[in-house]
file run03.csv (CSV, C-alpha atoms and all ligand atoms)
chain,number,residue,atom,x,y,z
F,461,MET,CA,-28.7,-17.1,19.6
F,462,THR,CA,-27.9,-13.4,20.0
F,463,ALA,CA,-25.7,-11.7,17.4
F,464,VAL,CA,-22.0,-10.9,18.1
F,465,LYS,CA,-21.7,-7.2,19.0
F,466,LEU,CA,-19.1,-5.5,16.8
F,467,ALA,CA,-17.8,-2.0,16.3
F,468,ILE,CA,-15.9,-0.4,13.4
F,469,VAL,CA,-13.1,2.0,14.1
F,470,GLY,CA,-12.4,3.8,10.8
F,471,MET,CA,-15.4,4.0,8.5
F,472,GLY,CA,-13.6,4.8,5.3
F,473,MET,CA,-13.3,2.8,2.1
F,474,ILE,CA,-12.6,-0.6,3.7
F,475,GLY,CA,-14.6,0.1,6.9
F,476,LYS,CA,-17.7,0.4,4.7
F,477,ARG,CA,-16.8,-2.9,3.0
F,478,HIS,CA,-16.7,-4.6,6.4
F,479,HIS,CA,-20.1,-2.9,7.2
F,480,GLN,CA,-21.6,-4.2,4.0
F,481,ALA,CA,-20.4,-7.8,4.8
F,482,MET,CA,-21.7,-7.6,8.3
F,483,LYS,CA,-25.2,-6.6,7.0
F,484,THR,CA,-25.5,-9.9,5.2
F,485,LEU,CA,-24.8,-12.0,8.3
F,486,MET,CA,-27.5,-12.5,11.0
F,487,GLU,CA,-24.7,-13.5,13.4
F,488,ALA,CA,-23.1,-10.0,13.5
F,489,GLU,CA,-24.5,-6.7,14.7
F,490,LEU,CA,-22.8,-3.3,14.3
F,491,ILE,CA,-23.4,-1.5,17.6
F,492,ALA,CA,-20.9,1.4,17.2
F,493,ILE,CA,-18.9,3.4,14.6
F,494,VAL,CA,-15.8,5.3,15.7
F,495,ASP,CA,-14.6,7.9,13.1
F,496,PRO,CA,-14.3,11.6,13.5
F,497,ALA,CA,-15.3,12.2,9.8
F,498,GLU,CA,-18.7,13.8,9.0
F,499,GLN,CA,-19.6,11.1,6.5
F,500,ALA,CA,-19.1,8.4,9.2
F,501,LYS,CA,-21.4,10.3,11.6
F,502,GLU,CA,-24.0,10.5,8.9
F,503,ILE,CA,-23.9,6.7,8.3
F,504,ALA,CA,-24.3,6.1,12.0
F,505,LEU,CA,-27.2,8.6,12.2
F,506,ASN,CA,-29.0,7.1,9.1
F,507,GLU,CA,-28.6,3.6,10.4
F,508,GLY,CA,-29.4,4.2,14.1
F,509,ILE,CA,-25.9,3.1,15.2
F,510,ARG,CA,-24.1,4.9,18.0
F,511,TRP,CA,-21.3,7.2,16.8
F,512,PHE,CA,-18.1,8.3,18.5
F,513,ALA,CA,-15.2,10.4,17.4
F,514,LYS,CA,-12.6,8.5,19.5
F,515,THR,CA,-12.1,4.8,20.5
F,516,GLU,CA,-11.7,5.8,24.2
F,517,GLU,CA,-15.0,7.6,24.1
F,518,MET,CA,-16.7,4.5,22.7
F,519,LEU,CA,-15.1,2.2,25.2
F,520,ALA,CA,-16.1,4.4,28.1
F,521,GLU,CA,-19.8,3.9,27.2
F,522,VAL,CA,-20.0,0.7,25.0
F,523,VAL,CA,-17.8,-2.4,25.1
F,524,PRO,CA,-18.4,-4.4,21.9
F,525,GLU,CA,-17.3,-8.1,21.8
F,526,GLY,CA,-15.2,-7.5,18.7
F,527,VAL,CA,-13.7,-4.4,17.1
F,528,ILE,CA,-12.7,-4.0,13.5
F,529,VAL,CA,-9.8,-1.5,13.1
F,530,SER,CA,-9.8,0.0,9.7
F,531,THR,CA,-8.1,3.3,10.3
F,532,PRO,CA,-5.1,4.4,8.2
F,533,THR,CA,-2.2,2.1,8.7
F,534,GLU,CA,-0.2,4.4,11.0
F,535,ILE,CA,-3.2,4.6,13.3
F,536,HIS,CA,-3.7,0.8,13.7
F,537,LEU,CA,-1.8,0.5,16.9
F,538,ALA,CA,-3.6,2.8,19.4
F,539,PRO,CA,-7.2,1.6,18.7
F,540,THR,CA,-6.1,-2.0,18.6
F,541,LEU,CA,-4.4,-1.8,22.0
F,542,SER,CA,-7.3,0.1,23.5
F,543,ALA,CA,-9.8,-2.4,22.3
F,544,LEU,CA,-7.8,-5.4,23.5
F,545,GLU,CA,-7.3,-3.8,26.9
F,546,ALA,CA,-11.0,-3.2,27.2
F,547,GLY,CA,-11.5,-7.0,26.6
F,548,CYS,CA,-12.5,-7.0,22.9
F,549,HIS,CA,-11.2,-9.3,20.2
F,550,VAL,CA,-9.8,-7.4,17.3
F,551,LEU,CA,-9.8,-7.8,13.5
F,552,VAL,CA,-7.2,-5.3,12.3
F,553,GLU,CA,-6.8,-4.4,8.7
F,554,LYS,CA,-3.6,-5.2,6.8
F,555,PRO,CA,-0.8,-4.4,7.3
F,556,ILE,CA,-1.1,-5.3,11.0
F,557,ALA,CA,0.9,-2.1,11.8
F,558,ALA,CA,3.2,0.4,10.1
F,559,ASN,CA,6.3,-1.3,11.6
F,560,LEU,CA,7.5,-4.4,13.3
F,561,GLU,CA,7.9,-2.9,16.7
F,562,GLU,CA,4.2,-1.9,16.7
F,563,ALA,CA,3.3,-5.4,15.4
F,564,ARG,CA,5.2,-6.9,18.3
F,565,GLN,CA,3.3,-4.7,20.8
F,566,ILE,CA,0.0,-6.0,19.4
F,567,GLN,CA,1.2,-9.6,19.8
F,568,LYS,CA,2.3,-8.9,23.3
F,569,ILE,CA,-0.8,-7.2,24.6
F,570,SER,CA,-3.0,-9.7,22.8
F,571,LYS,CA,-1.3,-12.5,24.8
F,572,GLN,CA,-1.3,-10.5,28.1
F,573,VAL,CA,-5.1,-9.8,28.0
F,574,ASP,CA,-5.9,-13.2,26.4
F,575,ARG,CA,-7.9,-11.7,23.5
F,576,ASN,CA,-7.5,-12.7,19.9
F,577,VAL,CA,-6.1,-10.5,17.1
F,578,MET,CA,-6.8,-11.5,13.5
F,579,VAL,CA,-5.5,-9.6,10.5
F,580,GLY,CA,-7.4,-8.6,7.4
F,581,HIS,CA,-5.5,-10.5,4.7
F,582,HIS,CA,-8.9,-11.3,3.3
F,583,ARG,CA,-7.7,-13.1,0.1
F,584,ARG,CA,-6.8,-16.2,2.1
F,585,TYR,CA,-10.6,-16.8,2.5
F,586,TYR,CA,-11.0,-17.5,-1.2
F,587,GLY,CA,-11.3,-21.2,-2.2
F,588,LEU,CA,-9.0,-20.2,-5.1
F,589,MET,CA,-6.1,-19.9,-2.8
F,590,GLU,CA,-6.5,-23.4,-1.3
F,591,GLU,CA,-7.0,-24.8,-4.8
F,592,THR,CA,-3.8,-23.1,-6.1
F,593,ARG,CA,-1.8,-24.4,-3.1
F,594,GLU,CA,-3.0,-27.9,-3.8
F,595,LEU,CA,-2.3,-27.6,-7.5
F,596,VAL,CA,1.3,-26.4,-7.1
F,597,SER,CA,2.1,-29.2,-4.6
F,598,SER,CA,0.4,-31.9,-6.6
F,599,GLU,CA,2.2,-34.8,-8.2
F,600,LYS,CA,1.3,-33.7,-11.8
F,601,PHE,CA,3.0,-30.3,-11.2
F,602,GLY,CA,6.3,-31.9,-10.3
F,603,GLY,CA,8.3,-29.7,-7.9
F,604,LEU,CA,7.6,-26.0,-7.8
F,605,LEU,CA,10.7,-24.2,-9.1
F,606,ALA,CA,9.8,-20.6,-9.7
F,607,VAL,CA,7.0,-18.0,-9.6
F,608,HIS,CA,6.5,-14.6,-11.2
F,609,GLY,CA,3.9,-12.2,-9.8
F,610,GLN,CA,2.8,-8.7,-10.8
F,611,TRP,CA,0.7,-5.9,-9.4
F,612,THR,CA,0.7,-3.0,-11.8
F,613,SER,CA,-2.1,-0.4,-12.1
F,614,ARG,CA,-2.4,3.3,-12.2
F,615,LYS,CA,-4.2,4.6,-9.1
F,616,ALA,CA,-6.5,7.6,-9.7
F,617,ASP,CA,-5.3,11.1,-8.7
F,618,SER,CA,-8.3,11.3,-6.3
F,619,TYR,CA,-7.0,8.3,-4.4
F,620,PHE,CA,-4.2,10.5,-3.1
F,621,ILE,CA,-6.3,13.3,-1.7
F,622,PRO,CA,-5.9,12.0,1.9
F,623,GLN,CA,-2.4,13.0,2.8
F,624,TRP,CA,-1.6,9.7,4.4
F,625,ARG,CA,-1.8,7.9,1.1
F,626,GLN,CA,1.1,9.9,-0.2
F,627,GLN,CA,3.4,8.6,2.5
F,628,SER,CA,5.5,5.4,2.1
F,629,SER,CA,3.7,3.9,5.1
F,630,SER,CA,0.7,3.7,2.7
F,631,GLY,CA,2.4,3.4,-0.7
F,632,PRO,CA,2.0,0.4,-3.0
F,633,VAL,CA,4.5,-1.7,-1.0
F,634,LEU,CA,2.5,-1.6,2.3
F,635,ILE,CA,-0.9,-1.2,0.7
F,636,ASN,CA,-0.7,-3.6,-2.3
F,637,LEU,CA,2.5,-5.7,-2.2
F,638,ILE,CA,1.7,-6.9,1.4
F,639,HIS,CA,-1.3,-8.8,0.0
F,640,GLU,CA,1.0,-10.4,-2.6
F,641,MET,CA,3.6,-11.3,-0.1
F,642,ASP,CA,0.9,-12.9,2.0
F,643,ILE,CA,-0.4,-14.9,-1.0
F,644,LEU,CA,3.2,-16.0,-1.9
F,645,ARG,CA,3.9,-17.1,1.7
F,646,PHE,CA,0.6,-19.0,1.8
F,647,ILE,CA,1.1,-20.8,-1.6
F,648,CYS,CA,4.9,-21.2,-1.8
F,649,GLY,CA,6.0,-21.2,1.9
F,650,GLU,CA,8.3,-18.9,3.9
F,651,ILE,CA,10.4,-16.4,2.2
F,652,GLU,CA,14.1,-16.4,3.1
F,653,SER,CA,15.6,-13.4,1.3
F,654,VAL,CA,14.4,-10.3,-0.5
F,655,THR,CA,16.4,-8.2,-3.0
F,656,ALA,CA,14.7,-5.1,-4.4
F,657,GLN,CA,15.1,-1.9,-6.4
F,658,ILE,CA,12.6,1.0,-6.0
F,659,GLN,CA,11.7,4.0,-8.3
F,660,THR,CA,9.8,7.2,-7.4
F,661,GLY,CA,9.3,10.5,-9.2
F,662,PHE,CA,6.3,10.0,-11.5
F,663,ARG,CA,4.1,11.9,-8.9
F,664,SER,CA,5.6,14.3,-6.4
F,665,HIS,CA,4.8,12.1,-3.4
F,666,PRO,CA,7.3,10.9,-0.8
F,667,LYS,CA,6.2,7.3,-1.3
F,668,GLU,CA,7.5,4.7,-3.8
F,669,GLU,CA,5.8,4.0,-7.1
F,670,THR,CA,7.6,1.1,-8.8
F,671,ALA,CA,9.6,-1.8,-7.4
F,672,ALA,CA,11.3,-4.9,-8.9
F,673,ILE,CA,11.9,-7.7,-6.4
F,674,ILE,CA,13.7,-11.0,-6.3
F,675,LEU,CA,12.6,-13.5,-3.7
F,676,GLN,CA,14.1,-16.7,-2.4
F,677,PHE,CA,11.9,-19.2,-0.5
F,678,GLN,CA,13.1,-21.5,2.2
F,679,SER,CA,12.2,-24.4,-0.1
F,680,GLY,CA,14.7,-23.1,-2.7
F,681,VAL,CA,11.9,-21.8,-5.0
F,682,LEU,CA,12.9,-18.5,-6.7
F,683,GLY,CA,10.5,-15.7,-7.4
F,684,THR,CA,10.3,-12.3,-9.1
F,685,PHE,CA,7.7,-9.6,-8.5
F,686,LEU,CA,6.9,-6.4,-10.4
F,687,LEU,CA,5.0,-3.7,-8.6
F,688,SER,CA,3.8,-0.2,-9.8
F,689,ASP,CA,0.9,2.1,-9.0
F,690,ALA,CA,1.8,4.4,-11.9
F,691,THR,CA,0.9,2.4,-15.0
F,692,PRO,CA,-2.5,1.5,-16.4
F,693,SER,CA,-2.4,-2.3,-16.7
F,694,PRO,CA,-4.8,-5.3,-16.6
F,695,TRP,CA,-2.2,-7.4,-14.7
F,696,ASN,CA,-3.1,-7.1,-11.0
F,697,TRP,CA,-5.2,-9.1,-8.6
F,698,GLU,CA,-8.2,-6.6,-8.5
F,699,HIS,CA,-8.6,-6.3,-12.2
F,700,ALA,CA,-7.7,-9.9,-13.0
F,701,THR,CA,-10.3,-11.3,-10.6
F,702,GLY,CA,-13.0,-8.6,-10.6
F,703,GLU,CA,-13.0,-8.9,-6.8
F,704,ASN,CA,-13.8,-5.2,-6.3
F,705,VAL,CA,-16.8,-4.0,-8.3
F,706,ASN,CA,-15.3,-0.5,-8.5
F,707,PHE,CA,-12.5,-1.8,-10.8
F,708,PRO,CA,-13.3,-3.3,-14.3
F,709,HIS,CA,-12.7,-7.0,-14.6
F,710,THR,CA,-10.0,-7.9,-17.2
F,711,GLY,CA,-9.8,-11.7,-16.7
F,712,GLN,CA,-6.0,-11.5,-17.1
F,713,ASN,CA,-3.4,-13.2,-14.8
F,714,SER,CA,-1.2,-11.8,-12.1
F,715,TYR,CA,0.9,-14.8,-11.3
F,716,TYR,CA,2.7,-17.6,-13.2
F,717,PHE,CA,3.8,-20.7,-11.1
F,718,MET,CA,6.5,-22.9,-12.8
F,719,GLY,CA,6.8,-26.6,-11.9
F,720,SER,CA,9.2,-29.2,-13.2
F,721,ASP,CA,6.3,-31.0,-15.0
F,722,ALA,CA,3.7,-28.3,-15.5
F,723,CYS,CA,3.0,-24.6,-15.0
F,724,LEU,CA,0.0,-22.6,-13.8
F,725,GLU,CA,-1.6,-19.3,-14.7
F,726,PHE,CA,-3.2,-17.5,-11.7
F,727,PRO,CA,-5.9,-16.5,-10.9
F,728,ASN,CA,-7.3,-18.1,-14.1
F,729,LEU,CA,-6.1,-21.5,-13.0
F,730,ARG,CA,-5.0,-22.7,-16.4
F,731,ILE,CA,-2.6,-25.6,-16.1
F,732,TRP,CA,-0.2,-26.2,-19.0
F,733,ASN,CA,1.1,-29.8,-19.4
F,734,SER,CA,3.2,-31.5,-22.1
F,735,VAL,CA,1.7,-34.3,-24.0
F,736,GLY,CA,4.3,-37.0,-23.5
F,737,LYS,CA,7.5,-36.0,-21.8
F,738,PRO,CA,7.6,-32.6,-20.0
F,739,ASP,CA,10.3,-31.1,-22.3
F,740,TRP,CA,10.3,-28.5,-25.1
F,741,ASN,CA,10.0,-31.1,-27.9
F,742,TYR,CA,6.4,-31.9,-26.9
F,743,GLN,CA,3.1,-30.3,-27.6
F,744,MET,CA,1.5,-28.5,-24.6
F,745,THR,CA,-2.2,-28.8,-23.6
F,746,MET,CA,-4.1,-26.5,-21.3
F,747,GLU,CA,-6.7,-27.5,-18.7
F,748,GLU,CA,-8.7,-24.8,-17.0
F,749,LYS,CA,-10.2,-25.1,-13.5
F,750,LEU,CA,-13.2,-22.9,-12.7
F,751,VAL,CA,-13.3,-21.8,-9.0
F,752,PRO,CA,-16.0,-19.2,-8.2
F,753,LEU,CA,-14.9,-16.2,-6.3
F,754,GLU,CA,-16.9,-16.0,-3.1
F,755,ASP,CA,-17.2,-12.7,-1.0
F,756,ALA,CA,-14.1,-13.0,1.1
F,757,TYR,CA,-15.2,-10.2,3.4
F,758,ILE,CA,-18.4,-12.1,4.3
F,759,ALA,CA,-16.3,-15.2,5.0
F,760,GLN,CA,-13.8,-13.2,7.1
F,761,CYS,CA,-16.6,-11.5,9.1
F,762,HIS,CA,-18.2,-15.0,9.7
F,763,HIS,CA,-14.8,-16.3,10.9
F,764,PHE,CA,-14.4,-13.2,13.1
F,765,CYS,CA,-17.7,-14.0,14.8
F,766,GLY,CA,-16.6,-17.6,15.3
F,767,VAL,CA,-13.3,-16.3,16.9
F,768,VAL,CA,-15.2,-13.9,19.2
F,769,ARG,CA,-17.4,-16.7,20.4
F,770,GLY,CA,-14.4,-18.9,21.0
F,771,TRP,CA,-15.5,-21.5,18.4
F,772,GLU,CA,-12.6,-20.9,16.0
F,773,LYS,CA,-8.9,-20.0,16.1
F,774,PRO,CA,-7.8,-17.0,14.0
F,775,ARG,CA,-6.8,-18.1,10.5
F,776,ILE,CA,-4.4,-15.2,10.2
F,777,THR,CA,-2.9,-14.4,13.6
F,778,ALA,CA,-0.9,-11.4,14.6
F,779,GLU,CA,2.3,-13.5,14.4
F,780,ASP,CA,1.5,-14.8,10.9
F,781,ALA,CA,0.7,-11.3,9.7
F,782,SER,CA,3.9,-9.9,11.3
F,783,LYS,CA,5.9,-12.3,9.1
F,784,THR,CA,4.1,-11.0,6.0
F,785,LEU,CA,4.9,-7.5,7.2
F,786,ALA,CA,8.6,-8.3,7.8
F,787,VAL,CA,9.0,-9.7,4.3
F,788,THR,CA,7.2,-6.7,2.8
F,789,LEU,CA,9.3,-4.1,4.8
F,790,ALA,CA,12.5,-6.0,3.6
F,791,VAL,CA,11.7,-4.5,0.2
F,792,PHE,CA,12.4,-1.0,1.6
F,793,ASP,CA,15.5,-2.2,3.5
F,794,SER,CA,17.0,-3.9,0.4
F,795,ALA,CA,16.4,-1.0,-1.9
F,796,LYS,CA,17.9,1.4,0.7
F,797,GLN,CA,20.9,-0.7,1.5
F,798,GLN,CA,21.4,-1.9,-2.0
F,799,GLN,CA,21.8,-5.5,-0.8
F,800,THR,CA,19.9,-8.7,-0.2
F,801,ILE,CA,18.0,-8.9,3.1
F,802,TRP,CA,18.0,-12.3,4.8
F,803,LEU,CA,14.9,-12.9,7.0
Q,901,LIG,N1,-8.0,-5.7,3.0
Q,901,LIG,C1,-7.9,-4.9,2.0
Q,901,LIG,O1,-7.9,-5.3,0.8
Q,901,LIG,C2,-7.8,-3.4,2.2
Q,901,LIG,C3,-8.2,-2.5,1.2
Q,901,LIG,C4,-8.0,-1.1,1.4
Q,901,LIG,C5,-7.5,-0.7,2.6
Q,901,LIG,N2,-7.1,-1.6,3.5
Q,901,LIG,C6,-6.5,-1.1,4.8
Q,901,LIG,O2,-7.5,-0.4,5.6
Q,901,LIG,C7,-6.9,0.7,6.2
Q,901,LIG,C8,-7.8,1.9,5.8
Q,901,LIG,O3,-7.7,2.1,4.4
Q,901,LIG,P1,-8.9,2.9,3.7
Q,901,LIG,O4,-8.5,2.9,2.2
Q,901,LIG,O5,-10.2,2.4,4.1
Q,901,LIG,O6,-8.7,4.4,4.2
Q,901,LIG,P2,-9.7,5.6,4.2
Q,901,LIG,O7,-8.9,6.9,4.3
Q,901,LIG,O8,-10.7,5.4,3.2
Q,901,LIG,O9,-10.5,5.4,5.6
Q,901,LIG,C9,-9.8,5.6,6.9
Q,901,LIG,C10,-10.9,6.1,7.8
Q,901,LIG,O10,-10.3,6.2,9.2
Q,901,LIG,C11,-10.8,7.4,9.8
Q,901,LIG,N3,-9.9,7.7,10.9
Q,901,LIG,C12,-8.7,8.4,10.8
Q,901,LIG,N4,-8.2,8.5,12.1
Q,901,LIG,C13,-9.1,7.8,12.9
Q,901,LIG,C14,-9.1,7.6,14.3
Q,901,LIG,N5,-8.0,8.0,15.1
Q,901,LIG,N6,-10.1,6.9,14.8
Q,901,LIG,C15,-11.1,6.5,14.1
Q,901,LIG,N7,-11.2,6.7,12.7
Q,901,LIG,C16,-10.2,7.4,12.2
Q,901,LIG,C17,-10.9,8.4,8.7
Q,901,LIG,O11,-11.7,9.5,9.0
Q,901,LIG,C18,-11.4,7.6,7.5
Q,901,LIG,O12,-12.8,7.6,7.4
Q,901,LIG,C19,-5.5,0.8,5.8
Q,901,LIG,O13,-4.7,0.2,6.8
Q,901,LIG,C20,-5.4,0.0,4.5
Q,901,LIG,O14,-4.1,-0.7,4.4
Q,901,LIG,C21,-7.2,-2.9,3.4
call {"tool": "encode", "arguments": {"input": "run03.csv", "output": "structure tokens"}}
result
Amino acid sequence: MTAVKLAIVGMGMIGKRHHQAMKTLMEAELIAIVDPAEQAKEIALNEGIRWFAKTEEMLAEVVPEGVIVSTPTEIHLAPTLSALEAGCHVLVEKPIAANLEEARQIQKISKQVDRNVMVGHHRRYYGLMEETRELVSSEKFGGLLAVHGQWTSRKADSYFIPQWRQQSSSGPVLINLIHEMDILRFICGEIESVTAQIQTGFRSHPKEETAAIILQFQSGVLGTFLLSDATPSPWNWEHATGENVNFPHTGQNSYYFMGSDACLEFPNLRIWNSVGKPDWNYQMTMEEKLVPLEDAYIAQCHHFCGVVRGWEKPRITAEDASKTLAVTLAVFDSAKQQQTIWL
């Protein structure tokens, strides 16, 4: 069987990660790179892949079956629409777009041209997520009552050299928190309201740095989340899991799920139960589940090939990712309006 012909638009940090994943799969073939940057041209030259500075230039000469859009967030819309209109299926990085209007346009055009859009919330491909979802809804957990999550880390100064990363469309809310909101929706269900406070001023960037958030889920579960890209801390997904080899593995947690009969540390999957009745008079024991962390980008690329071939339906559709975007953007609205946002 011939490999699925793919292109990458935006060969930066995450574009390269997609490329790496693709190389491990016989079923995928990278036939074009679109990125005006010199380093992207060099990769294309070195690997014998066709290079284009613009998506339209590529589509005039080569039409891949699937296009991965990994440009800066505010440039997701144009290449996504061009690729869809040319008949390609699209895997667009998270957030699906910089705002809800653009996200709606992507949904609309995808339906009109009958091509699939899937969104790069890659963490959902980890077995760890399914396992956690099962654990918190299990009988021994009782009912889920509350959750606390945290993403705190100090990004390196060099990270902010590209100007776009200093803007709030690419601050920690839309770059990092969006993953957490997606995890929370996946594990705890839909979010009904968001109340948030935001702080800036540690660096002289227009974007936010720290946020404290209260969440209410449709199920009645309550949540809190603490976010900051200005503090060195081991309590964030990347350091906790060691998912990204560029960041040292701390083995710490970034979530605590609280049930009426037990509670759970995540991603370490340590379940705390009382011996006897589940009240504070009883000794607690801890049981640990070991779930290996697969390469989610390989799983995602494999799924994308299945979607392009028509064998699979997108696991994270444009509609689904737009809900994650809406909840995430509500953090800005709540902080600005100084009130709770109901979704
Ligand atoms: N899934 C994840 O965990 C994850 C991680 C990091 C970034 N992202 C997302 O990926 C996107 C890119 O982030 P990054 O960190 O890789 O950025 P980056 O700056 O490292 O790379 C962006 C690349 O896009 C290129 N580019 C800019 N305009 C272009 C255009 N019009 N056409 C083609 N190429 C263009 C740039 O030259 C650059 O090489 C963002 O939306 C971000 O939110 C997702």
call {"tool": "residues_near_ligand", "arguments": {"input": "run03.csv", "ligand": "ligand LIG 901 (chain Q)", "cutoff": "6 Å", "atoms": "only C-alpha atoms and all ligand atoms", "output": "list in words"}}
result
Val469, Gly470, Met471, Gly472, Met473, Ile474, Gly475, Val494, Asp495, Pro496, Ala497, Lys514, Ser530, Thr531, Pro532, Thr533, Glu553, Lys554, Pro555, Gly580, His581, His582 and Ile635 of chain F
call {"tool": "write_last_selection", "arguments": {"input": "run03.csv", "atoms": "C-alpha atoms", "output": "mmCIF file, in the coordinates of the input"}}
result
data_model
loop_
_atom_site.group_PDB
_atom_site.id
_atom_site.type_symbol
_atom_site.label_atom_id
_atom_site.label_comp_id
_atom_site.auth_asym_id
_atom_site.auth_seq_id
_atom_site.Cartn_x
_atom_site.Cartn_y
_atom_site.Cartn_z
ATOM 1 C CA VAL F 469 -13.100 2.000 14.100
ATOM 2 C CA GLY F 470 -12.400 3.800 10.800
ATOM 3 C CA MET F 471 -15.400 4.000 8.500
ATOM 4 C CA GLY F 472 -13.600 4.800 5.300
ATOM 5 C CA MET F 473 -13.300 2.800 2.100
ATOM 6 C CA ILE F 474 -12.600 -0.600 3.700
ATOM 7 C CA GLY F 475 -14.600 0.100 6.900
ATOM 8 C CA VAL F 494 -15.800 5.300 15.700
ATOM 9 C CA ASP F 495 -14.600 7.900 13.100
ATOM 10 C CA PRO F 496 -14.300 11.600 13.500
ATOM 11 C CA ALA F 497 -15.300 12.200 9.800
ATOM 12 C CA LYS F 514 -12.600 8.500 19.500
ATOM 13 C CA SER F 530 -9.800 0.000 9.700
ATOM 14 C CA THR F 531 -8.100 3.300 10.300
ATOM 15 C CA PRO F 532 -5.100 4.400 8.200
ATOM 16 C CA THR F 533 -2.200 2.100 8.700
ATOM 17 C CA GLU F 553 -6.800 -4.400 8.700
ATOM 18 C CA LYS F 554 -3.600 -5.200 6.800
ATOM 19 C CA PRO F 555 -0.800 -4.400 7.300
ATOM 20 C CA GLY F 580 -7.400 -8.600 7.400
ATOM 21 C CA HIS F 581 -5.500 -10.500 4.700
ATOM 22 C CA HIS F 582 -8.900 -11.300 3.300
ATOM 23 C CA ILE F 635 -0.900 -1.200 0.700
#
call {"tool": "atom_distance", "arguments": {"input": "run03.csv", "atom1": "CA of Asp755 (chain F)", "atom2": "CA of Asn696 (chain F)"}}
result
18.2 Å
call {"tool": "atom_distance", "arguments": {"input": "run03.csv", "atom1": "CA of Leu729 (chain F)", "atom2": "CA of Gly649 (chain F)"}}
result
19.2 Å
call {"tool": "residues_around", "arguments": {"input": "run03.csv", "residues": "Thr540 (chain F)", "least_positions_apart": "6", "cutoff": "10 Å", "atoms": "only C-alpha atoms", "output": "PyMOL selection string"}}
result
chain F and resi 469+515+527-530+546+548-552+556-557+566+569-570+577
call {"tool": "residues_near_point", "arguments": {"input": "run03.csv", "point": "(-30.4, -4.3, 13.1)", "cutoff": "9 Å", "atoms": "all atoms listed in the file", "output": "compact mmCIF listing (two decimals) with C-alpha atoms, in the coordinates of the input"}}
result
# COMPACT_ATOMS: atom_id res chain seq x y z
CA LYS F 483 -25.20 -6.60 7.00
CA MET F 486 -27.50 -12.50 11.00
CA GLU F 489 -24.50 -6.70 14.70
CA LEU F 490 -22.80 -3.30 14.30
CA ILE F 491 -23.40 -1.50 17.60
CA GLU F 507 -28.60 3.60 10.40
CA GLY F 508 -29.40 4.20 14.10
CA ILE F 509 -25.90 3.10 15.20
call {"tool": "atom_distance", "arguments": {"input": "run03.csv", "atom1": "CA of Gln799 (chain F)", "atom2": "CA of Ala690 (chain F)"}}
result
24.9 Å
call {"tool": "closest_atom_pairs", "arguments": {"input": "run03.csv", "of": "region 562-611 of chain F", "to": "region 772-781 of chain F", "cutoff": "7 Å", "atoms": "all atoms listed in the file", "output": "JSON lines"}}
result
{"residue": "F:Gln567", "atom": "CA", "partner": "F:Ala778", "partner_atom": "CA", "distance": 5.9}
{"residue": "F:Val577", "atom": "CA", "partner": "F:Ala778", "partner_atom": "CA", "distance": 5.8}
{"residue": "F:Met578", "atom": "CA", "partner": "F:Thr777", "partner_atom": "CA", "distance": 4.9}
{"residue": "F:Val579", "atom": "CA", "partner": "F:Ile776", "partner_atom": "CA", "distance": 5.7}
call {"tool": "residues_around", "arguments": {"input": "run03.csv", "residues": "Trp624 (chain F)", "least_positions_apart": "2", "cutoff": "12 Å", "atoms": "all atoms listed in the file", "output": "PyMOL selection string"}}
result
chain F and resi 531-535+558+619-622+626-631+635+665-667
call {"tool": "residues_around", "arguments": {"input": "run03.csv", "residues": "Asp721 (chain F)", "least_positions_apart": "4", "cutoff": "6 Å", "atoms": "all atoms listed in the file", "output": "short mmCIF file (atom, residue, chain, number, x, y, z; two decimals) with C-alpha atoms, in the frame of the given file"}}
result
data_model
loop_
_atom_site.label_atom_id
_atom_site.label_comp_id
_atom_site.auth_asym_id
_atom_site.auth_seq_id
_atom_site.Cartn_x
_atom_site.Cartn_y
_atom_site.Cartn_z
CA PHE F 601 3.00 -30.30 -11.20
CA GLY F 602 6.30 -31.90 -10.30
CA PRO F 738 7.60 -32.60 -20.00
#
